[in-house]
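Student: Input file: structure26.cif. Contents: mmCIF, C-alpha atoms.
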```
data_final
#
loop_
_atom_site.label_atom_id
_atom_site.label_comp_id
_atom_site.auth_asym_id
_atom_site.auth_seq_id
_atom_site.Cartn_x
_atom_site.Cartn_y
_atom_site.Cartn_z
CA MET O 231 108.07 -5.02 196.86
CA LYS O 232 109.93 -7.40 194.52
CA ARG O 233 113.25 -6.08 195.81
CA ASN O 234 112.20 -6.71 199.42
CA THR O 235 111.25 -10.28 198.56
CA ILE O 236 114.65 -10.89 196.95
CA VAL O 237 116.47 -9.40 199.97
CA LEU O 238 114.36 -11.42 202.41
CA THR O 239 114.98 -14.61 200.44
CA ALA O 240 118.71 -13.91 200.37
CA VAL O 241 118.78 -13.25 204.13
CA LEU O 242 116.82 -16.43 204.85
CA PHE O 243 119.15 -18.41 202.58
CA ILE O 244 122.24 -17.03 204.33
CA MET O 245 120.75 -17.77 207.76
CA ALA O 246 119.82 -21.30 206.69
CA THR O 247 123.36 -21.81 205.37
CA PHE O 248 124.84 -20.62 208.69
CA ALA O 249 122.46 -22.87 210.63
CA TRP O 250 123.36 -25.86 208.46
CA ALA O 251 127.09 -25.12 208.76
CA GLY O 252 126.75 -24.80 212.53
CA TRP O 253 124.88 -28.09 212.81
CA ALA O 254 127.35 -29.87 210.53
CA ASN O 255 130.21 -28.52 212.62
CA PHE O 256 128.52 -29.67 215.83
CA GLU O 257 127.95 -33.16 214.38
CA TYR O 258 131.57 -33.36 213.23
CA ARG O 259 132.85 -32.34 216.67
CA GLN O 260 130.49 -34.78 218.37
CA GLN O 261 131.77 -37.64 216.21
CA ALA O 262 135.36 -36.59 216.82
CA ALA O 263 134.70 -36.47 220.59
CA ASP O 264 133.08 -39.92 220.51
CA HIS O 265 136.06 -41.24 218.59
CA VAL O 266 138.50 -39.83 221.14
CA LEU O 267 136.38 -41.18 224.00
CA ALA O 268 136.30 -44.65 222.44
CA SER O 269 140.10 -44.65 222.22
CA VAL O 270 140.46 -43.82 225.93
CA ALA O 271 140.87 -46.78 228.26
CA GLN O 272 138.51 -45.19 230.76
CA GLY O 273 138.03 -47.19 233.94
CA GLU O 274 135.11 -46.98 236.32
CA LEU O 275 134.33 -47.21 240.00
CA VAL O 276 132.19 -50.23 240.81
CA PRO O 277 130.38 -50.55 244.16
CA ASP O 278 131.86 -53.19 246.43
CA PRO O 279 129.25 -55.95 247.03
CA ALA O 280 130.73 -56.43 250.50
CA GLY O 281 129.92 -52.81 251.33
CA GLY O 282 133.49 -51.55 251.25
CA ALA O 283 134.92 -48.70 249.21
CA PRO O 284 134.08 -48.73 245.48
CA GLN O 285 136.56 -50.72 243.41
CA TYR O 286 138.34 -49.21 240.42
CA VAL O 287 137.93 -51.42 237.37
CA THR O 288 140.12 -50.72 234.36
CA PRO O 289 139.53 -52.05 230.85
CA LEU O 290 143.30 -52.58 230.77
CA LYS O 291 143.05 -55.48 233.22
CA GLY O 292 144.28 -58.67 231.56
CA LYS O 293 145.79 -56.72 228.67
CA PRO O 294 149.39 -55.74 227.95
CA ALA O 295 150.31 -52.53 229.73
CA PRO O 296 150.46 -49.71 227.16
CA ALA O 297 154.10 -49.11 226.29
CA PHE O 298 155.69 -45.74 226.92
CA VAL O 299 158.98 -43.93 227.00
CA LEU O 300 159.20 -41.00 229.38
CA GLU O 301 162.02 -38.88 230.75
CA ASP O 302 163.16 -39.11 234.32
CA LEU O 303 164.12 -36.03 236.31
CA ASN O 304 167.64 -36.16 234.87
CA GLY O 305 166.39 -36.19 231.29
CA LYS O 306 167.15 -39.88 230.79
CA LYS O 307 164.63 -41.80 228.67
CA VAL O 308 162.98 -44.65 230.54
CA SER O 309 160.97 -47.30 228.70
CA LEU O 310 158.40 -49.55 230.34
CA THR O 311 159.54 -52.45 228.14
CA SER O 312 162.94 -52.39 229.85
CA TYR O 313 161.18 -53.65 233.00
CA LYS O 314 159.84 -56.81 231.37
CA GLY O 315 160.50 -59.76 233.66
CA LYS O 316 159.80 -57.60 236.72
CA ALA O 317 156.55 -56.88 238.49
CA VAL O 318 155.95 -53.15 238.20
CA LEU O 319 153.76 -50.69 240.04
CA ILE O 320 153.05 -47.61 237.93
CA ASN O 321 151.99 -44.90 240.34
CA PHE O 322 150.58 -41.70 238.86
CA TRP O 323 150.95 -38.85 241.33
CA ALA O 324 151.41 -35.07 241.43
CA THR O 325 153.12 -32.55 243.67
CA TRP O 326 149.74 -30.95 244.48
CA CYS O 327 148.07 -34.24 245.43
CA ALA O 328 147.72 -34.55 249.21
CA PRO O 329 146.42 -38.16 249.21
CA CYS O 330 149.44 -39.15 247.06
CA LYS O 331 151.71 -37.94 249.87
CA ILE O 332 150.02 -40.31 252.29
CA GLU O 333 150.42 -43.43 250.17
CA THR O 334 153.97 -42.68 248.98
CA PRO O 335 155.67 -43.84 252.23
CA TRP O 336 153.68 -47.11 252.01
CA ILE O 337 154.87 -47.60 248.42
CA ILE O 338 158.48 -46.94 249.43
CA GLU O 339 158.24 -49.50 252.24
CA LEU O 340 156.65 -52.08 249.96
CA ARG O 341 159.23 -51.47 247.26
CA ASN O 342 161.99 -52.08 249.77
CA GLN O 343 160.23 -55.19 251.01
CA TYR O 344 159.61 -56.79 247.60
CA ALA O 345 162.52 -55.48 245.48
CA SER O 346 164.48 -58.70 246.02
CA GLN O 347 161.62 -60.64 244.41
CA GLY O 348 161.85 -58.58 241.23
CA PHE O 349 159.50 -55.72 242.06
CA GLU O 350 159.97 -52.11 240.93
CA VAL O 351 157.97 -48.90 241.15
CA LEU O 352 157.74 -46.16 238.54
CA GLY O 353 156.39 -42.92 239.96
CA ILE O 354 154.94 -40.91 237.10
CA SER O 355 154.29 -37.26 237.78
CA ALA O 356 151.14 -35.85 236.22
CA ASP O 357 152.23 -32.26 236.92
CA ASP O 358 151.85 -29.89 233.98
CA LEU O 359 155.13 -28.95 232.33
CA ASN O 360 155.79 -25.80 230.36
CA ARG O 361 158.02 -27.16 227.61
CA ASP O 362 157.72 -23.93 225.59
CA ASP O 363 159.71 -21.95 228.13
CA PRO O 364 163.05 -23.54 229.13
CA LYS O 365 163.19 -21.57 232.42
CA GLU O 366 159.65 -22.54 233.39
CA PHE O 367 160.32 -26.15 232.35
CA ALA O 368 163.41 -26.28 234.56
CA LYS O 369 161.38 -24.76 237.41
CA ASP O 370 158.59 -27.29 236.94
CA LYS O 371 161.08 -30.16 237.01
CA MET O 372 162.80 -28.69 240.06
CA GLU O 373 159.50 -28.59 241.95
CA ILE O 374 158.80 -32.23 241.11
CA SER O 375 162.33 -33.14 242.16
CA GLN O 376 162.04 -31.24 245.46
CA SER O 377 158.70 -32.84 246.19
CA ALA O 378 160.11 -36.31 245.45
CA GLN O 379 163.08 -35.63 247.74
CA LYS O 380 160.82 -34.41 250.50
CA LEU O 381 158.83 -37.63 250.23
CA HIS O 382 162.08 -39.67 250.22
CA ILE O 383 161.11 -41.38 246.96
CA ASN O 384 163.82 -43.91 246.11
CA TYR O 385 162.36 -45.25 242.86
CA PRO O 386 162.50 -43.70 239.37
CA VAL O 387 160.34 -40.60 238.97
CA LEU O 388 159.22 -39.95 235.41
CA ILE O 389 157.65 -36.76 234.11
CA ASP O 390 155.01 -35.83 231.54
CA GLY O 391 152.51 -38.39 232.83
CA GLY O 392 149.70 -36.37 231.27
CA THR O 393 150.78 -37.68 227.86
CA LEU O 394 149.66 -41.17 228.95
CA ASP O 395 146.12 -40.16 229.91
CA LYS O 396 144.45 -41.81 226.91
CA GLN O 397 146.35 -45.10 227.14
CA TYR O 398 145.89 -45.34 230.90
CA GLY O 399 142.30 -44.14 231.15
CA GLY O 400 141.91 -40.44 231.61
CA LEU O 401 143.98 -40.01 234.77
CA ASP O 402 141.50 -37.35 235.86
CA GLU O 403 141.84 -38.36 239.47
CA LEU O 404 145.00 -39.01 241.46
CA PRO O 405 146.56 -41.10 242.83
CA THR O 406 146.02 -43.84 240.26
CA SER O 407 148.10 -47.02 240.19
CA PHE O 408 148.48 -49.91 237.77
CA PHE O 409 150.03 -53.23 238.74
CA ILE O 410 151.84 -55.11 235.97
CA ASN O 411 153.06 -58.68 236.15
CA ARG O 412 156.38 -60.06 234.89
CA LYS O 413 154.89 -60.68 231.44
CA GLY O 414 153.84 -57.04 231.09
CA THR O 415 150.13 -57.65 231.68
CA VAL O 416 148.00 -55.33 233.83
CA VAL O 417 146.67 -57.41 236.71
CA ALA O 418 145.08 -54.72 238.87
CA ALA O 419 144.49 -51.00 239.22
CA GLN O 420 143.68 -48.66 242.08
CA LEU O 421 142.15 -45.23 242.10
CA GLY O 422 142.48 -42.94 245.06
CA LEU O 423 143.88 -43.46 248.50
CA THR O 424 142.99 -46.90 249.79
CA SER O 425 145.32 -48.69 252.21
CA LYS O 426 148.79 -50.18 252.41
CA ASP O 427 147.21 -53.63 252.60
CA ASP O 428 145.34 -53.07 249.32
CA ILE O 429 148.54 -51.97 247.59
CA GLU O 430 150.45 -54.94 248.99
CA ALA O 431 147.75 -57.38 247.85
CA ASN O 432 148.01 -56.03 244.31
CA ILE O 433 151.83 -56.17 244.40
CA LYS O 434 151.54 -59.86 245.33
CA LYS O 435 149.20 -60.37 242.36
CA ALA O 436 151.76 -58.74 240.09
CA LEU O 437 154.54 -60.91 241.53
CA GLY O 438 152.39 -64.00 241.08
CA ASN O 439 152.58 -64.83 244.79
CA MET X 30 117.82 0.43 226.56
CA THR X 31 120.50 1.21 223.97
CA CYS X 32 121.65 -1.36 221.41
CA ARG X 33 125.05 -1.48 223.15
CA THR X 34 123.54 -2.18 226.56
CA ALA X 35 121.25 -4.82 225.08
CA GLY X 36 124.26 -6.40 223.36
CA ILE X 37 126.27 -6.48 226.56
CA ARG X 38 123.32 -7.99 228.44
CA LEU X 39 122.92 -10.64 225.76
CA ALA X 40 126.65 -11.38 225.89
CA ALA X 41 126.44 -11.53 229.70
CA ALA X 42 123.51 -13.95 229.51
CA ILE X 43 125.44 -16.17 227.10
CA GLY X 44 128.54 -15.84 229.29
CA PHE X 45 126.64 -16.83 232.43
CA GLY X 46 125.06 -19.74 230.58
CA LEU X 47 128.44 -20.98 229.37
CA ALA X 48 129.94 -20.42 232.81
CA ALA X 49 127.14 -22.45 234.39
CA LEU X 50 127.74 -25.27 231.92
CA ALA X 51 131.47 -25.14 232.53
CA THR X 52 131.25 -25.12 236.29
CA HIS X 53 128.66 -27.76 236.97
CA GLY X 54 130.73 -30.77 237.94
CA GLN X 55 129.26 -34.13 238.87
CA VAL X 56 129.98 -37.82 239.15
CA ASP X 57 129.19 -39.54 235.84
CA ASP X 58 128.01 -43.09 235.11
CA SER X 59 131.54 -44.43 235.59
CA GLY X 60 131.58 -43.16 239.16
CA LEU X 61 134.31 -40.66 238.28
CA PHE X 62 134.00 -36.91 238.73
CA LYS X 63 133.65 -34.82 235.59
CA GLY X 64 133.60 -31.06 235.26
CA ALA X 65 134.59 -28.43 237.78
CA ALA X 66 134.32 -28.84 241.54
CA VAL X 67 133.55 -25.15 242.03
CA GLN X 68 130.60 -23.16 240.76
CA TYR X 69 130.37 -19.36 240.59
CA LEU X 70 127.07 -18.29 242.13
CA PHE X 71 126.61 -14.50 242.03
CA PRO X 72 126.44 -11.51 241.51
CA GLU X 73 125.52 -11.36 237.84
CA GLN X 74 125.61 -7.59 237.78
CA VAL X 75 126.97 -4.80 239.99
CA THR X 76 126.82 -1.03 239.75
CA VAL X 77 129.85 0.88 241.04
CA ALA X 78 131.19 4.41 241.01
CA ALA X 79 133.30 4.86 237.87
CA GLY X 80 137.00 5.36 238.52
CA LYS X 81 136.75 4.57 242.24
CA ALA X 82 137.75 1.40 244.04
CA SER X 83 134.66 -0.61 244.95
CA ASP X 84 134.26 -3.87 246.81
CA VAL X 85 132.33 -6.69 245.18
CA ALA X 86 131.59 -9.92 247.04
CA LEU X 87 131.92 -12.90 244.71
CA HIS X 88 130.16 -16.02 245.92
CA PHE X 89 131.21 -19.56 245.06
CA ARG X 90 130.12 -23.06 245.94
CA VAL X 91 132.31 -26.18 246.17
CA VAL X 92 130.63 -29.42 245.12
CA ALA X 93 129.56 -31.50 248.13
CA GLY X 94 132.22 -33.92 249.31
CA TYR X 95 135.07 -31.92 247.77
CA HIS X 96 137.33 -29.15 249.05
CA ILE X 97 139.80 -26.80 247.42
CA ASN X 98 142.95 -25.30 248.89
CA SER X 99 142.48 -21.90 250.48
CA HIS X 100 144.44 -18.91 249.15
CA THR X 101 147.09 -19.71 251.72
CA PRO X 102 147.64 -23.47 251.86
CA ARG X 103 150.10 -24.62 254.51
CA GLU X 104 152.09 -26.87 252.19
CA GLU X 105 154.22 -25.08 249.60
CA PHE X 106 153.42 -27.50 246.77
CA LEU X 107 149.66 -27.19 247.14
CA ILE X 108 147.97 -24.91 244.64
CA PRO X 109 146.35 -21.79 246.17
CA THR X 110 142.93 -20.60 245.06
CA THR X 111 143.33 -17.34 243.17
CA PHE X 112 140.97 -14.91 241.46
CA SER X 113 142.04 -12.69 238.57
CA ILE X 114 140.59 -10.34 235.99
CA PRO X 115 142.33 -10.19 232.60
CA ASP X 116 143.61 -6.79 231.48
CA GLY X 117 141.56 -4.74 229.06
CA ALA X 118 138.09 -5.53 230.36
CA GLY X 119 137.41 -1.92 231.40
CA VAL X 120 137.58 -3.21 234.94
CA ARG X 121 140.78 -3.62 236.95
CA LEU X 122 141.22 -5.87 239.95
CA ASP X 123 142.88 -3.71 242.59
CA LYS X 124 142.94 -6.33 245.29
CA ALA X 125 141.29 -9.62 246.22
CA VAL X 126 140.63 -10.46 249.85
CA TYR X 127 140.23 -14.17 250.44
CA PRO X 128 138.52 -15.84 253.37
CA ALA X 129 140.60 -17.78 255.86
CA GLY X 130 140.65 -21.49 255.13
CA THR X 131 139.07 -24.02 257.41
CA ASP X 132 141.10 -26.92 258.77
CA PHE X 133 140.61 -30.26 257.06
CA THR X 134 142.36 -33.54 257.72
CA LEU X 135 142.36 -36.63 255.57
CA PRO X 136 141.05 -39.62 257.53
CA LEU X 137 144.27 -41.55 256.96
CA ASP X 138 146.50 -38.69 258.12
CA PRO X 139 144.76 -36.87 260.97
CA THR X 140 147.97 -35.10 262.00
CA ASP X 141 148.32 -33.07 258.79
CA LYS X 142 145.91 -30.13 258.75
CA LEU X 143 145.06 -28.70 255.35
CA SER X 144 143.70 -25.17 254.89
CA VAL X 145 140.71 -25.46 252.57
CA TYR X 146 137.44 -23.98 251.34
CA ASN X 147 134.37 -26.17 251.18
CA ASN X 148 130.63 -25.58 250.84
CA GLU X 149 130.24 -21.87 250.03
CA PHE X 150 132.89 -19.18 250.22
CA THR X 151 133.18 -15.51 249.27
CA ILE X 152 136.04 -13.55 247.76
CA GLN X 153 135.97 -9.78 248.24
CA ALA X 154 137.21 -8.27 245.00
CA ARG X 155 138.17 -4.59 245.03
CA ILE X 156 137.65 -3.38 241.48
CA VAL X 157 138.07 -0.11 239.61
CA ALA X 158 135.72 0.25 236.64
CA GLU X 159 135.71 2.74 233.80
CA ALA X 160 132.40 4.48 233.03
CA GLY X 161 130.01 2.32 231.07
CA SER X 162 128.86 -1.27 231.03
CA HIS X 163 131.50 -3.99 231.03
CA LEU X 164 131.26 -7.76 230.86
CA VAL X 165 133.97 -8.98 233.20
CA GLU X 166 135.31 -12.44 232.51
CA GLY X 167 137.29 -13.12 235.65
CA LYS X 168 138.99 -16.41 236.39
CA LEU X 169 139.13 -18.58 239.48
CA HIS X 170 142.05 -20.99 239.59
CA PHE X 171 141.91 -23.82 242.09
CA GLN X 172 142.69 -27.46 242.72
CA ALA X 173 140.11 -29.76 244.29
CA CYS X 174 140.25 -33.04 246.20
CA ASP X 175 137.93 -35.22 248.20
CA LYS X 176 139.08 -37.45 251.04
CA SER X 177 140.85 -39.92 248.73
CA VAL X 178 141.46 -38.40 245.29
CA CYS X 179 142.56 -35.11 243.79
CA LEU X 180 141.38 -33.56 240.55
CA PRO X 181 143.77 -31.67 238.27
CA PRO X 182 144.08 -27.88 238.73
CA LYS X 183 141.31 -26.04 236.95
CA THR X 184 140.33 -22.50 235.98
CA ILE X 185 136.66 -21.55 235.74
CA PRO X 186 135.16 -18.37 234.29
CA VAL X 187 133.70 -15.83 236.71
CA ALA X 188 131.45 -13.72 234.50
CA PHE X 189 129.61 -10.68 235.80
CA ASN X 190 128.46 -7.38 234.39
CA VAL X 191 129.89 -4.18 235.89
CA ILE X 192 128.17 -0.86 235.32
CA GLY X 193 130.42 2.09 236.11
CA LYS X 194 128.44 5.30 236.77
#
```
Could I get this file's structure written as structure tokens?
Tutor:
Amino acid sequence: MKRNTIVLTAVLFIMATFAWAGWANFEYRQQAADHVLASVAQGELVPDPAGGAPQYVTPLKGKPAPAFVLEDLNGKKVSLTSYKGKAVLINFWATWCAPCKIETPWIIELRNQYASQGFEVLGISADDLNRDDPKEFAKDKMEISQSAQKLHINYPVLIDGGTLDKQYGGLDELPTSFFINRKGTVVAAQLGLTSKDDIEANIKKALGN
Amino acid sequence: MTCRTAGIRLAAAIGFGLAALATHGQVDDSGLFKGAAVQYLFPEQVTVAAGKASDVALHFRVVAGYHINSHTPREEFLIPTTFSIPDGAGVRLDKAVYPAGTDFTLPLDPTDKLSVYNNEFTIQARIVAEAGSHLVEGKLHFQACDKSVCLPPKTIPVAFNVIGK
């Protein structure tokens, strides 16, 4: 009888320890997740009072665009800071994104139209890259390159856009664009396929027109 | 019910629960979509002849307003929907037969027809199971979009119990 009591007590103690450890682990993970979430510049879709499509509002608006250095398709490092003094459209896209393919020709036309005023576009691919396998990495880059050629993209295409998801707000939905003025401040953002007119209006904001 | 069977059923129940949690996508407070755009519906359990190829119809639902590419998208860069079963589960996927996609056009490009699945769709999986009870943890890989945005490619668990007799 006494032995049974000792065994039962020991079992209950072990179970309580496991339960406590599990709860402590859950709490720790929850706090870590909250911390990560707080560090993400997550935007939100706000209903348009005029009844139009919801507007994408980014907490980056009015703040300096997060700096980055990414590789282009030739392996050359490209830094956002090197574009200071220019109005820049950062367009996150992916090879598998059908709406991106619709807006890309508009962006090309607008880039050609406003380049003389100091406007540039950086197309940042959010495609996954397998950097652990050189052959797969080369294949991934080739697919991005072929897709860019097929779309006649004439502006720099950078890769590894997924590494910017925290700074630029999740990037869970594509296309997503950020418009940066000559001082390097984010003046507007767009989520999803809207219209050429919307993109042009935001380019004008970035140019200060 | 043997201990082993009870264990497998418990594992299956946990698996289905986790799968349901993982696959239930929705628009959150920020107006952005979170989670997976496809949910595995059923079956939870099938009984098949051990060692013989058997057809199992796997049912899925795409979240309203979204679509995923069919198994045979028309554009080479679009990601096809694929079903797989990892090796070593006691169940082998011999063949998967996918439904034909339905045509879908984005409002701003009505000339470009996409081949997609939306609402509910069924994949016919031809499986070969060893004798016994097996918790299959299949995978569905897909990439979803609505009419203006695309979500990153995703893989969801497709958990079902196979009893080979």
Student: When the PyMOL selection byres ((chain O) within 6 of (chain X)) is applied to the file above, which residues end up in the set, as a ChimeraX atom specification?
Tutor: /O:274-275,325-327,329,403-404,422-423
Student: Run the PyMOL selection byres ((chain X and resi 87) around 7) against the file shown and list the residues it catches, as an NGL selection string.
Tutor: :X and (71-72 or 85-86 or 88-89 or 151-153)
Student: Would you translate the PyMOL selection byres ((chain O and resi 425) around 12) into the concrete set of residues it matches in this file, as a list in words?
Tutor: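 That expression, the PyMOL selection byres ((chain O and resi 425) around 12), corresponds here to Ala283, Pro329, Cys330, Ile332, Glu333, Thr334, Pro335, Trp336, Ile337, Gln420, Leu421, Gly422, Leu423, Thr424, Lys426, Asp427, Asp428, Ile429, Glu430, Ala431 and Asn432 of chain O; Pro136, Leu137, Asp138 and Ser177 of chain X.
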Student: Could you pull the residues within 10 Å of Asp116 (chain X), counting all atoms listed in the file, minus those fewer than 5 positions along the same chain, as an mmCIF file with C-alpha atoms, in the coordinates of the input?
Tutor:
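And here is the file that came out, around_10.cif:
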```cif
data_model
loop_
_atom_site.group_PDB
_atom_site.id
_atom_site.type_symbol
_atom_site.label_atom_id
_atom_site.label_comp_id
_atom_site.auth_asym_id
_atom_site.auth_seq_id
_atom_site.Cartn_x
_atom_site.Cartn_y
_atom_site.Cartn_z
ATOM 1 C CA ARG X 121 140.780 -3.620 236.950
ATOM 2 C CA LEU X 122 141.220 -5.870 239.950
ATOM 3 C CA GLY X 167 137.290 -13.120 235.650
#
```
Student: Show me a table, sorted first by chain and then by increasing residue number, of the residues of region 272-388 of chain O having an atom at most 7 Å from region 414-418 of chain O, each with its shortest atom pair and the distance in Å to one decimal, counting all atoms listed in the file and written as JSON lines.
Tutor:
```
{"residue": "O:Leu290", "atom": "CA", "partner": "O:Val416", "partner_atom": "CA", "distance": 6.2}
{"residue": "O:Lys291", "atom": "CA", "partner": "O:Val416", "partner_atom": "CA", "distance": 5.0}
{"residue": "O:Gly292", "atom": "CA", "partner": "O:Val416", "partner_atom": "CA", "distance": 5.5}
{"residue": "O:Lys293", "atom": "CA", "partner": "O:Thr415", "partner_atom": "CA", "distance": 5.4}
{"residue": "O:Pro294", "atom": "CA", "partner": "O:Thr415", "partner_atom": "CA", "distance": 4.3}
{"residue": "O:Ala295", "atom": "CA", "partner": "O:Val416", "partner_atom": "CA", "distance": 5.5}
{"residue": "O:Lys314", "atom": "CA", "partner": "O:Gly414", "partner_atom": "CA", "distance": 6.0}
```
Student: Determine the nearest neighbour of Ser355 (chain O) from the options O:Asn234, O:Phe367, O:Pro405, O:Gly315, counting all atoms listed in the file.
Tutor: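 Nearest to Ser355 (chain O): O:Pro405.
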Student: Go through X:Val165, X:Ala82, X:Val92, X:Ile185 and flag the residue nearest Ala125 (chain X), using all atoms listed in the file for the distances.
Tutor: X:Ala82
Student: For Val77 (chain X), which residue among X:Ala129, X:Val120, X:Ser144, X:Pro186 is the nearest when counting all atoms listed in the file?
Tutor: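 Under the stated criterion, the closest residue is X:Val120.
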Student: What's the separation between CA of Thr134 (chain X) and CA of Val187 (chain X), in Å to one decimal place?
Tutor: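 Between these atoms lies a distance of 28.8 Å.
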Student: Name the closest residue to Gly161 (chain X) among the candidates X:Lys183, X:Lys124, X:Lys194, X:Lys142; distances are taken between atoms, counting only C-alpha atoms.
Tutor: X:Lys194
Student: Figure out the distance between CA of Tyr146 (chain X) and CA of Val91 (chain X), please, to one decimal in Å.
Tutor: 7.6 Å
Student: Could you tell me how far CA of Leu164 (chain X) sits from CA of Val191 (chain X), in Å to one decimal place?
Tutor: 6.3 Å
Student: Looking at all atoms listed in the file, which of O:Tyr313, O:Trp323, O:Phe298, O:Phe409 is the one that sits closest to Lys396 (chain O)?
Tutor: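 Smallest separation from Lys396 (chain O) among the options: O:Phe298.
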Student: Tell me which protein, DNA and RNA residues are within 10 Å of region 344-348 of chain O, counting only C-alpha atoms, leaving out same-chain ones fewer than 5 positions away, and put them as a list in words.
Tutor: Tyr313, Gly315, Lys316, Ala317, Val318, Glu339, Arg412, Glu430, Ile433, Lys434, Leu437 and Asn439 of chain O
Student: With only C-alpha atoms as the basis for distance, which of O:Val299, O:Leu319, O:Ile338, O:Ala246 is at the shortest distance from Lys435 (chain O)?
Tutor: O:Leu319
Student: Starting from the sparse input, extend region 62-73 of chain X to N, CA and C atoms and give the output as a short mmCIF file (atom, residue, chain, number, x, y, z; two decimals), keeping the file's coordinate frame.
Tutor:
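Saved the output as rebuild-v5.cif:
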```
data_model
loop_
_atom_site.label_atom_id
_atom_site.label_comp_id
_atom_site.auth_asym_id
_atom_site.auth_seq_id
_atom_site.Cartn_x
_atom_site.Cartn_y
_atom_site.Cartn_z
N PHE X 62 134.46 -38.29 238.74
CA PHE X 62 134.00 -36.91 238.73
C PHE X 62 134.37 -36.23 237.42
N LYS X 63 133.41 -35.55 236.83
CA LYS X 63 133.65 -34.82 235.59
C LYS X 63 133.21 -33.37 235.77
N GLY X 64 133.95 -32.48 235.18
CA GLY X 64 133.60 -31.06 235.26
C GLY X 64 134.41 -30.35 236.31
N ALA X 65 133.87 -29.24 236.80
CA ALA X 65 134.59 -28.43 237.78
C ALA X 65 133.96 -28.60 239.15
N ALA X 66 134.81 -28.62 240.17
CA ALA X 66 134.32 -28.84 241.54
C ALA X 66 133.84 -27.55 242.17
N VAL X 67 134.00 -26.43 241.47
CA VAL X 67 133.55 -25.15 242.03
C VAL X 67 132.61 -24.47 241.04
N GLN X 68 131.58 -23.86 241.58
CA GLN X 68 130.60 -23.16 240.76
C GLN X 68 130.53 -21.70 241.22
N TYR X 69 130.56 -20.77 240.25
CA TYR X 69 130.37 -19.36 240.59
C TYR X 69 128.88 -19.12 240.75
N LEU X 70 128.49 -18.48 241.85
CA LEU X 70 127.07 -18.29 242.13
C LEU X 70 126.57 -16.90 241.71
N PHE X 71 127.07 -15.84 242.33
CA PHE X 71 126.61 -14.50 242.03
C PHE X 71 127.61 -13.50 242.60
N PRO X 72 127.51 -12.19 242.23
CA PRO X 72 126.44 -11.51 241.51
C PRO X 72 126.59 -11.63 240.00
N GLU X 73 125.48 -11.41 239.30
CA GLU X 73 125.52 -11.36 237.84
C GLU X 73 125.81 -9.95 237.37
#
```
